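Data block for structure17.txt (compact mmCIF, C-alpha atoms and all ligand atoms):
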# COMPACT_ATOMS: atom_id res chain seq x y z
CA MET P 1 8.07 -14.40 4.73
CA TYR P 2 6.81 -11.93 2.14
CA ASP P 3 8.19 -9.02 4.15
CA LEU P 4 11.72 -9.98 3.14
CA THR P 5 13.37 -8.32 0.16
CA PHE P 6 15.76 -10.54 -1.78
CA ALA P 7 18.72 -8.96 0.00
CA ALA P 8 17.08 -9.50 3.40
CA LEU P 9 16.34 -13.12 2.58
CA GLU P 10 19.95 -13.65 1.53
CA ALA P 11 21.13 -12.10 4.78
CA GLU P 12 18.70 -14.21 6.79
CA LEU P 13 19.97 -17.41 5.19
CA ALA P 14 23.60 -16.31 5.40
CA ALA P 15 23.14 -15.78 9.15
CA SER P 16 22.27 -19.49 9.36
CA GLY P 17 25.35 -20.37 7.30
CA LEU P 18 23.51 -21.00 4.00
CA ARG P 19 25.03 -20.06 0.67
CA PRO P 20 23.43 -17.43 -1.61
CA VAL P 21 22.24 -20.10 -4.06
CA HIS P 22 19.63 -21.17 -1.52
CA ALA P 23 18.18 -17.66 -1.43
CA LYS P 24 17.57 -17.81 -5.18
CA THR P 25 15.87 -21.22 -4.91
CA LEU P 26 13.65 -20.14 -2.04
CA TRP P 27 12.80 -16.81 -3.71
CA ARG P 28 11.67 -18.56 -6.88
CA ALA P 29 9.52 -20.96 -4.90
CA LEU P 30 7.85 -18.12 -2.99
CA HIS P 31 7.48 -15.44 -5.61
CA ARG P 32 7.69 -17.07 -9.03
CA ASP P 33 5.85 -20.30 -8.24
CA GLY P 34 3.66 -19.02 -5.41
CA ALA P 35 4.33 -22.26 -3.51
CA GLU P 36 1.82 -23.19 -0.83
CA ASP P 37 4.02 -25.83 0.75
CA LEU P 38 7.80 -25.61 1.08
CA THR P 39 8.33 -29.08 2.54
CA GLN P 40 7.72 -30.92 -0.74
CA ARG P 41 10.12 -29.10 -3.07
CA PRO P 42 12.44 -31.36 -5.08
CA ASP P 43 14.60 -28.31 -5.95
CA PHE P 44 15.48 -27.60 -2.30
CA LEU P 45 18.85 -28.96 -1.17
CA PRO P 46 19.17 -30.49 2.32
CA PRO P 47 20.53 -27.37 4.10
CA LEU P 48 17.58 -25.33 2.82
CA ARG P 49 15.15 -28.09 3.78
CA ARG P 50 16.51 -28.12 7.30
CA TRP P 51 16.28 -24.34 7.51
CA ILE P 52 12.66 -24.44 6.33
CA VAL P 53 11.72 -27.01 8.97
CA GLU P 54 13.45 -24.98 11.68
CA ARG P 55 12.08 -21.60 10.73
CA MET P 56 8.62 -22.41 9.50
CA THR P 57 7.50 -24.33 12.54
CA GLY P 58 6.58 -22.68 15.81
CA ASP P 59 6.36 -18.91 15.62
CA GLY P 60 8.98 -18.43 12.90
CA PHE P 61 8.18 -17.45 9.32
CA SER P 62 4.88 -18.14 7.63
CA ILE P 63 3.98 -18.39 3.95
CA ALA P 64 0.20 -18.53 4.41
CA LEU P 65 -1.63 -15.92 2.38
CA PRO P 66 -4.36 -13.93 4.16
CA PRO P 67 -7.61 -15.92 4.12
CA VAL P 68 -10.56 -14.60 2.11
CA ARG P 69 -13.26 -13.28 4.45
CA SER P 70 -15.69 -12.63 1.66
CA GLU P 71 -15.72 -12.46 -2.08
CA THR P 72 -18.04 -10.81 -4.56
CA ALA P 73 -18.13 -10.77 -8.33
CA SER P 74 -19.75 -8.26 -10.65
CA SER P 75 -22.67 -9.52 -12.72
CA ASP P 76 -20.47 -9.70 -15.83
CA GLY P 77 -17.94 -11.74 -13.83
CA LEU P 78 -15.05 -9.51 -14.90
CA THR P 79 -14.45 -7.83 -11.56
CA ARG P 80 -13.84 -9.88 -8.43
CA LYS P 81 -13.41 -8.31 -5.09
CA PHE P 82 -11.85 -10.01 -2.08
CA LEU P 83 -11.93 -8.99 1.53
CA LEU P 84 -8.73 -10.44 3.01
CA ALA P 85 -8.19 -11.01 6.72
CA LEU P 86 -4.78 -10.01 8.11
CA GLU P 87 -3.15 -11.66 11.12
CA ASP P 88 -4.48 -9.12 13.62
CA GLY P 89 -8.02 -9.39 12.26
CA GLN P 90 -7.88 -6.25 10.13
CA GLU P 91 -9.52 -6.60 6.75
CA VAL P 92 -8.40 -5.11 3.47
CA GLU P 93 -9.82 -5.13 -0.01
CA THR P 94 -8.12 -6.46 -3.10
CA VAL P 95 -9.80 -6.26 -6.49
CA LEU P 96 -9.04 -8.26 -9.59
CA MET P 97 -10.22 -6.72 -12.83
CA GLY P 98 -10.26 -8.72 -16.04
CA TYR P 99 -9.82 -7.31 -19.50
CA PRO P 100 -9.38 -9.43 -22.61
CA GLY P 101 -5.94 -11.03 -22.36
CA ARG P 102 -4.76 -9.24 -19.26
CA HIS P 103 -5.66 -8.67 -15.65
CA THR P 104 -5.13 -5.78 -13.30
CA ALA P 105 -4.96 -6.11 -9.53
CA CYS P 106 -5.98 -3.20 -7.35
CA ILE P 107 -4.42 -3.50 -3.92
CA SER P 108 -4.56 -1.78 -0.53
CA THR P 109 -1.67 -0.16 1.30
CA GLN P 110 -3.26 0.68 4.67
CA ALA P 111 -6.12 -0.48 6.87
CA GLY P 112 -8.30 2.64 6.85
CA CYS P 113 -6.86 5.98 5.80
CA ALA P 114 -5.87 9.17 7.58
CA MET P 115 -6.69 11.52 4.72
CA GLY P 116 -10.43 11.79 5.32
CA CYS P 117 -11.75 12.46 1.80
CA VAL P 118 -15.43 13.02 2.51
CA PHE P 119 -16.85 10.78 -0.22
CA CYS P 120 -14.55 7.79 0.39
CA ALA P 121 -15.63 4.76 2.44
CA THR P 122 -12.03 4.14 3.55
CA GLY P 123 -11.61 7.78 4.59
CA GLN P 124 -14.81 7.50 6.60
CA MET P 125 -13.22 4.67 8.67
CA GLY P 126 -10.26 6.77 9.72
CA PHE P 127 -6.70 5.49 9.97
CA ILE P 128 -6.18 2.07 11.53
CA ARG P 129 -2.64 1.07 10.58
CA HIS P 130 -0.07 0.80 7.81
CA LEU P 131 0.23 -2.50 5.97
CA THR P 132 3.62 -4.19 6.00
CA ALA P 133 5.49 -4.82 2.74
CA GLY P 134 4.59 -8.51 3.09
CA GLU P 135 0.88 -7.74 3.44
CA ILE P 136 1.06 -5.68 0.25
CA VAL P 137 2.96 -8.40 -1.63
CA ALA P 138 0.57 -11.09 -0.34
CA GLN P 139 -2.38 -9.37 -2.06
CA VAL P 140 -0.62 -9.68 -5.42
CA LEU P 141 0.25 -13.32 -4.73
CA HIS P 142 -3.39 -13.94 -3.83
CA CYS P 143 -4.59 -12.46 -7.14
CA ARG P 144 -2.10 -14.48 -9.10
CA ARG P 145 -3.10 -17.67 -7.30
CA VAL P 146 -6.76 -17.02 -8.16
CA LEU P 147 -5.85 -16.46 -11.81
CA ARG P 148 -3.64 -19.51 -12.00
CA ALA P 149 -6.38 -21.68 -10.49
CA ALA P 150 -8.57 -20.49 -13.36
CA GLY P 151 -5.88 -21.41 -15.87
CA SER P 152 -4.73 -17.87 -16.57
CA ASP P 153 -1.35 -16.40 -15.84
CA GLY P 154 -2.06 -12.93 -17.05
CA LEU P 155 -1.55 -10.64 -14.07
CA ARG P 156 0.07 -7.81 -15.98
CA ASN P 157 -0.86 -4.58 -14.28
CA LEU P 158 -1.04 -3.34 -10.75
CA VAL P 159 -2.69 -0.25 -9.32
CA LEU P 160 -2.28 0.98 -5.75
CA MET P 161 -5.82 2.32 -5.60
CA GLY P 162 -7.38 0.15 -2.93
CA MET P 163 -7.70 1.18 0.70
CA GLY P 164 -5.24 3.69 2.08
CA GLU P 165 -2.79 6.33 0.93
CA PRO P 166 0.34 4.68 -0.55
CA LEU P 167 2.61 7.70 -0.10
CA HIS P 168 1.69 7.86 3.61
CA ASN P 169 3.21 4.36 3.90
CA TYR P 170 6.13 5.13 1.59
CA ASP P 171 8.87 2.77 2.77
CA ALA P 172 6.69 -0.34 3.01
CA VAL P 173 5.18 0.43 -0.39
CA MET P 174 8.61 0.82 -2.02
CA ALA P 175 9.91 -2.36 -0.39
CA ALA P 176 6.81 -4.22 -1.63
CA LEU P 177 7.19 -2.85 -5.16
CA GLY P 178 10.85 -3.90 -5.17
CA ILE P 179 9.70 -7.47 -4.42
CA ILE P 180 6.79 -7.37 -6.88
CA THR P 181 8.95 -6.14 -9.78
CA ASP P 182 11.83 -8.58 -9.15
CA ARG P 183 12.36 -10.46 -12.41
CA ARG P 184 13.19 -13.72 -10.66
CA GLY P 185 9.84 -13.65 -8.90
CA ILE P 186 6.48 -12.00 -9.49
CA ASN P 187 7.98 -9.91 -12.27
CA ILE P 188 5.40 -7.21 -12.93
CA GLY P 189 7.08 -4.47 -14.95
CA PRO P 190 7.53 -1.21 -12.98
CA ALA P 191 5.98 0.77 -15.84
CA ARG P 192 2.84 -1.36 -15.41
CA ILE P 193 2.40 -0.26 -11.82
CA THR P 194 0.47 2.88 -10.92
CA ILE P 195 0.67 4.54 -7.52
CA SER P 196 -2.36 6.67 -6.76
CA THR P 197 -2.00 9.49 -4.24
CA VAL P 198 -4.32 12.06 -2.74
CA GLY P 199 -1.44 14.53 -3.13
CA VAL P 200 1.18 13.89 -0.44
CA VAL P 201 3.66 16.45 -1.78
CA PRO P 202 6.86 15.17 -0.09
CA GLY P 203 6.04 11.66 -1.33
CA ILE P 204 5.57 12.84 -4.91
CA LEU P 205 8.95 14.57 -4.84
CA ARG P 206 10.58 11.49 -3.35
CA LEU P 207 8.99 9.31 -5.99
CA ALA P 208 10.45 11.56 -8.69
CA GLY P 209 13.90 10.47 -7.45
CA GLU P 210 13.22 6.72 -7.53
CA GLN P 211 15.12 4.73 -10.13
CA GLN P 212 12.02 2.84 -11.29
CA PRO P 213 9.46 4.15 -13.79
CA TYR P 214 6.38 3.59 -11.61
CA GLY P 215 3.33 5.42 -12.86
CA LEU P 216 1.81 8.22 -10.80
CA ALA P 217 -1.87 9.09 -10.46
CA VAL P 218 -2.91 12.17 -8.47
CA SER P 219 -6.45 12.44 -7.09
CA LEU P 220 -7.40 16.06 -7.64
CA HIS P 221 -11.22 16.47 -7.41
CA GLY P 222 -11.09 20.27 -7.17
CA ALA P 223 -9.66 23.06 -9.33
CA THR P 224 -9.64 25.77 -6.64
CA GLU P 225 -8.35 25.44 -3.09
CA GLU P 226 -11.85 26.00 -1.70
CA GLU P 227 -13.51 23.42 -3.93
CA ARG P 228 -10.76 20.86 -3.26
CA SER P 229 -10.44 21.24 0.52
CA ALA P 230 -14.20 20.74 0.89
CA LEU P 231 -13.75 17.23 -0.55
CA VAL P 232 -10.13 16.47 0.38
CA PRO P 233 -9.34 17.88 3.84
CA VAL P 234 -5.57 17.22 3.54
CA SER P 235 -5.48 19.85 0.85
CA ARG P 236 -5.06 22.29 3.75
CA ARG P 237 -1.78 20.57 4.63
CA TRP P 238 -0.50 20.30 1.05
CA PRO P 239 -2.37 23.10 -0.75
CA LEU P 240 -3.39 22.82 -4.39
CA ALA P 241 -0.76 25.32 -5.57
CA GLU P 242 2.03 23.33 -3.88
CA LEU P 243 0.63 20.08 -5.25
CA ILE P 244 0.57 21.36 -8.81
CA ALA P 245 4.11 22.71 -8.42
CA ALA P 246 5.23 19.25 -7.22
CA CYS P 247 3.50 17.65 -10.22
CA ARG P 248 5.32 20.01 -12.58
CA GLU P 249 8.60 19.13 -10.95
CA TYR P 250 7.80 15.41 -11.15
CA CYS P 251 7.12 15.68 -14.91
CA HIS P 252 10.21 17.76 -15.43
CA ARG P 253 12.47 15.36 -13.54
CA THR P 254 11.05 12.07 -14.84
CA GLY P 255 9.71 13.00 -18.27
CA ARG P 256 6.64 10.93 -17.43
CA ARG P 257 2.96 11.65 -17.82
CA ILE P 258 0.77 12.04 -14.74
CA PHE P 259 -2.75 10.65 -14.48
CA PHE P 260 -5.15 12.91 -12.65
CA GLU P 261 -8.22 11.36 -11.08
CA TRP P 262 -11.38 13.32 -10.74
CA THR P 263 -14.40 11.93 -8.91
CA LEU P 264 -17.40 13.75 -10.41
CA ILE P 265 -20.02 14.73 -7.85
CA ALA P 266 -23.25 16.40 -8.94
CA GLY P 267 -23.25 20.12 -8.20
CA ARG P 268 -19.89 20.04 -6.35
CA ASN P 269 -17.18 19.75 -8.99
CA ASP P 270 -18.87 18.96 -12.29
CA SER P 271 -19.63 22.39 -13.81
CA PRO P 272 -18.25 23.58 -17.17
CA GLU P 273 -16.49 26.44 -15.32
CA THR P 274 -14.67 23.90 -13.13
CA ALA P 275 -13.63 21.91 -16.20
CA ALA P 276 -12.23 25.06 -17.82
CA ARG P 277 -10.41 26.00 -14.59
CA LEU P 278 -8.93 22.51 -14.39
CA ALA P 279 -7.63 22.80 -17.95
CA THR P 280 -5.96 26.10 -17.06
CA LEU P 281 -4.51 24.66 -13.85
CA LEU P 282 -2.88 21.73 -15.68
CA GLN P 283 -1.54 23.84 -18.55
CA GLY P 284 1.96 22.67 -19.50
CA ILE P 285 1.72 19.37 -17.58
CA ASP P 286 1.72 16.10 -19.55
CA ALA P 287 -1.59 15.08 -18.03
CA HIS P 288 -4.19 12.41 -18.64
CA ILE P 289 -7.43 12.92 -16.76
CA ASN P 290 -9.56 10.02 -15.52
CA LEU P 291 -13.12 11.01 -14.74
CA ILE P 292 -14.89 8.76 -12.22
CA PRO P 293 -18.57 9.32 -11.48
CA LEU P 294 -19.05 9.14 -7.69
CA ASN P 295 -19.82 5.76 -6.18
CA PRO P 296 -22.29 6.73 -3.45
CA THR P 297 -21.20 5.82 0.11
CA GLN P 298 -23.16 5.59 3.33
CA SER P 299 -21.86 8.64 5.16
CA TYR P 300 -21.81 11.09 2.27
CA ASP P 301 -24.88 12.70 0.75
CA GLY P 302 -23.36 13.60 -2.65
CA ALA P 303 -24.69 12.05 -5.85
CA ALA P 304 -22.92 10.93 -9.02
CA ALA P 305 -22.80 13.46 -11.83
CA SER P 306 -25.23 12.64 -14.65
CA ALA P 307 -23.94 11.01 -17.84
CA GLY P 308 -24.57 14.22 -19.80
CA THR P 309 -22.59 16.31 -17.30
CA VAL P 310 -19.72 13.81 -17.33
CA HIS P 311 -19.50 13.95 -21.12
CA ARG P 312 -19.66 17.75 -21.15
CA PHE P 313 -16.81 17.86 -18.61
CA GLN P 314 -14.79 15.46 -20.74
CA ARG P 315 -15.40 17.48 -23.92
CA ILE P 316 -14.11 20.70 -22.37
CA LEU P 317 -10.89 18.98 -21.26
CA ARG P 318 -10.41 17.37 -24.65
CA ASP P 319 -11.03 20.65 -26.46
CA ALA P 320 -8.28 22.13 -24.28
CA GLY P 321 -5.91 19.41 -25.52
CA PHE P 322 -6.01 16.95 -22.59
CA PRO P 323 -6.69 13.24 -23.03
CA ALA P 324 -9.63 12.56 -20.73
CA THR P 325 -11.31 9.20 -20.20
CA ILE P 326 -14.39 8.26 -18.27
CA ARG P 327 -13.69 5.37 -15.97
CA GLN P 328 -16.50 2.90 -15.87
CA ARG P 329 -17.62 2.22 -12.36
CA ARG P 330 -16.71 -1.38 -12.86
CA GLY P 331 -18.54 -3.62 -10.55
CA ILE P 332 -20.54 -1.00 -8.73
CA ASP P 333 -22.88 -3.95 -8.09
CA VAL P 334 -20.14 -5.56 -6.00
CA ALA P 335 -19.53 -2.43 -3.96
CA ALA P 336 -16.22 -2.06 -5.74
CA GLY P 337 -15.67 1.53 -4.62
CA CYS P 338 -12.66 1.94 -2.38
CA GLY P 339 -13.38 0.57 1.08
CA GLN P 340 -17.01 -0.13 0.39
CA LEU P 341 -17.00 -3.89 0.74
CA ARG P 342 -15.45 -3.73 4.18
CA ALA P 343 -17.83 -0.95 5.22
CA GLU P 344 -20.82 -3.00 4.10
CA LYS P 345 -19.69 -6.10 5.99
CA ARG P 346 -19.30 -4.07 9.14
CA ALA P 347 -22.78 -2.60 8.81
CA ALA P 348 -24.37 -6.00 8.19
N1 LIG P 401 -5.44 7.11 -1.44
C1 LIG P 401 -5.18 7.09 -2.83
C2 LIG P 401 -5.50 5.76 -3.48
C3 LIG P 401 -6.74 5.05 -3.05
S1 LIG P 401 -8.27 5.81 -3.52
C4 LIG P 401 -5.92 8.21 -3.53
O1 LIG P 401 -6.78 8.83 -2.92
O2 LIG P 401 -5.59 8.47 -4.70
C5 LIG P 401 -8.33 5.51 -5.26
C6 LIG P 401 -9.24 6.45 -6.03
O3 LIG P 401 -10.63 6.17 -5.74
C7 LIG P 401 -9.03 7.93 -5.70
O4 LIG P 401 -8.94 8.70 -6.86
C8 LIG P 401 -10.29 8.27 -4.93
O5 LIG P 401 -10.58 9.63 -4.99
C9 LIG P 401 -11.32 7.39 -5.59
N2 LIG P 401 -12.52 7.18 -4.79
C10 LIG P 401 -12.59 6.89 -3.48
N3 LIG P 401 -13.87 6.75 -3.09
C11 LIG P 401 -14.63 6.96 -4.18
C12 LIG P 401 -16.04 6.96 -4.42
N4 LIG P 401 -16.90 6.71 -3.44
N5 LIG P 401 -16.47 7.22 -5.67
C13 LIG P 401 -15.59 7.46 -6.67
N6 LIG P 401 -14.26 7.48 -6.51
C14 LIG P 401 -13.77 7.23 -5.27
FE1 LIG P 402 -7.63 7.91 1.64
FE2 LIG P 402 -7.63 7.87 -1.04
FE3 LIG P 402 -9.89 7.43 0.35
FE4 LIG P 402 -8.83 9.88 0.27
S1 LIG P 402 -9.66 8.71 -1.46
S2 LIG P 402 -9.61 8.84 2.11
S3 LIG P 402 -6.67 9.39 0.31
S4 LIG P 402 -8.09 6.15 0.37
How does this structure look as structure tokens?
Amino acid sequence: MYDLTFAALEAELAASGLRPVHAKTLWRALHRDGAEDLTQRPDFLPPLRRWIVERMTGDGFSIALPPVRSETASSDGLTRKFLLALEDGQEVETVLMGYPGRHTACISTQAGCAMGCVFCATGQMGFIRHLTAGEIVAQVLHCRRVLRAAGSDGLRNLVLMGMGEPLHNYDAVMAALGIITDRRGINIGPARITISTVGVVPGILRLAGEQQPYGLAVSLHGATEEERSALVPVSRRWPLAELIAACREYCHRTGRRIFFEWTLIAGRNDSPETAARLATLLQGIDAHINLIPLNPTQSYDGAAASAGTVHRFQRILRDAGFPATIRQRRGIDVAAGCGQLRAEKRAA
């Protein structure tokens, strides 16, 4: 059911002779209320009730959210990570991060990933398949249900930084975001949503033309082509120079800031020279840099940069005029790095 955009739902109901008003009622039940049972709704009129009985029995539509295969919480309880089982048995990770007064959900867009970043647990699995729009929406509904059960309604922010490359699954991601931002339903503001990409250049340019102010984060990790391709193999397909040109165009066309993510790996991309080169590379771009010390993974022998090195890297960027923040590795004790929970379950 969650695959349907509002327009598609309207068309679906219209095809069965139902008036548009029923689409609004059903949409609110699904997306605003997160209903678990559609047979007990006092707000549904008889034609909609009949339609529900017809379509939701047998192999018609389903409103079941993916069951939780496993769940872990960080020791401070602020980060909860869920491994959700999809209909075909694939498993994806969804993370709920709590901050005072607001929550952020981090959701997946693919099972596995084709991009092959050497340090990433999801990249190490290879590509399995794209998620559907409904499977992306369902992760948000799951997070909100968990929050509501705990008496909180504060799911405010969304980041597409879980498993997979969102711009490699562009159409499903955009359909899902259309559903997630709909004011009659889940209603997360588009400016509170960040799409993180490894640097799929055509996707970045397409995103620049979207009518919604979604945030963009670009995972850079290297300031020269050689340094970057060693960590991010798809840099050979969309080289660093082309990526930076696309970022400039994105800023120019949208007037929005770009977040650059930089996983700091000891001895690979954490030197003061690299920091200075990065500052030069981003000159003229409205950039905010997020520094993330590496979360070690099984099939990669790199180590996290030391705290001193991370701070030195940050200082150089700040001195060059760039806001740079160090992202805590929240919940490293719950294997909260991208793809790591699933990888651990498989190995167990
Ligand atoms: N495919 C997208 C979004 C998912 S990955 C992308 O690559 O941007 C989200 C972020 O987590 C990326 O910046 C990625 O580089 C980072 N990441 C992945 N594995 C990591 C690890 N083991 N340690 C630290 N950061 C990691
Ligand atoms: Fe894919 Fe992102 Fe992991 Fe790279 S870091 S392999 S793009 S999920």
> Quick one: residues within 6 Å of ligand LIG 402 (chain P), with only C-alpha atoms and all ligand atoms, as a ChimeraX atom specification?
Replying inline: /P:113,115-117,120,122-123,163-165,198
> For ligand LIG 401 (chain P), which residue out of P:Ala324, P:Ala230, P:Met161, P:Leu4 is the nearest one, using only C-alpha atoms and all ligand atoms?
Replying inline: P:Met161
>> So the first atom is atom O4 of ligand LIG 401 (chain P) and the second is atom CA of P:Ile179; what is the distance between them in Å, to one decimal place?
In response: 24.8 Å
>> I want to know what sits within 8 Å of P:Ala276, based on all atoms listed in the file, with residues of the same chain fewer than 4 positions away left out; could you give that as a PyMOL selection string?
In response: chain P and resi 272+280+316-317
> Do you know which residues are within 7 Å of ligand LIG 401 (chain P) using all atoms listed in the file? Can you write them as a count of residues only?
Replying inline: 27
>> Please list as number ranges by chain every residue within 12 Å of P:Pro100, counting only C-alpha atoms and excluding residues in the same chain fewer than 5 positions away.
In response: P: 78, 152, 154-156
> Near stretch 60-74 of chain P, counting all atoms listed in the file, which residues have an atom at most 6 Å away, once you skip same-chain residues fewer than 3 positions from it, shown as number ranges by chain?
Replying inline: P: 1, 55-56, 77, 79-86, 138, 331, 333-334
> Of the candidates P:Ile180, P:Ala149, P:Leu96, P:Leu281, which shows the shortest atom-to-atom distance to P:Leu30, using all atoms listed in the file?
Replying inline: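 Going through P:Ile180, P:Ala149, P:Leu96, P:Leu281 one by one, the smallest distance to P:Leu30 is for P:Ile180.
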> Of the candidates P:Gly178, P:Gly308, P:Gly17, P:Gly185, which shows the shortest atom-to-atom distance to P:Ala35, using all atoms listed in the file?
Replying inline: P:Gly185
> Given the choices P:Ile285, P:Leu291, P:Ala23, P:Cys251, which gets closest to P:Pro213 if the distance is worked out from only C-alpha atoms?
Replying inline: P:Cys251
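Between atom CA of P:Cys106 and atom CA of P:Leu158 the interatomic distance comes to 6.0 Å.
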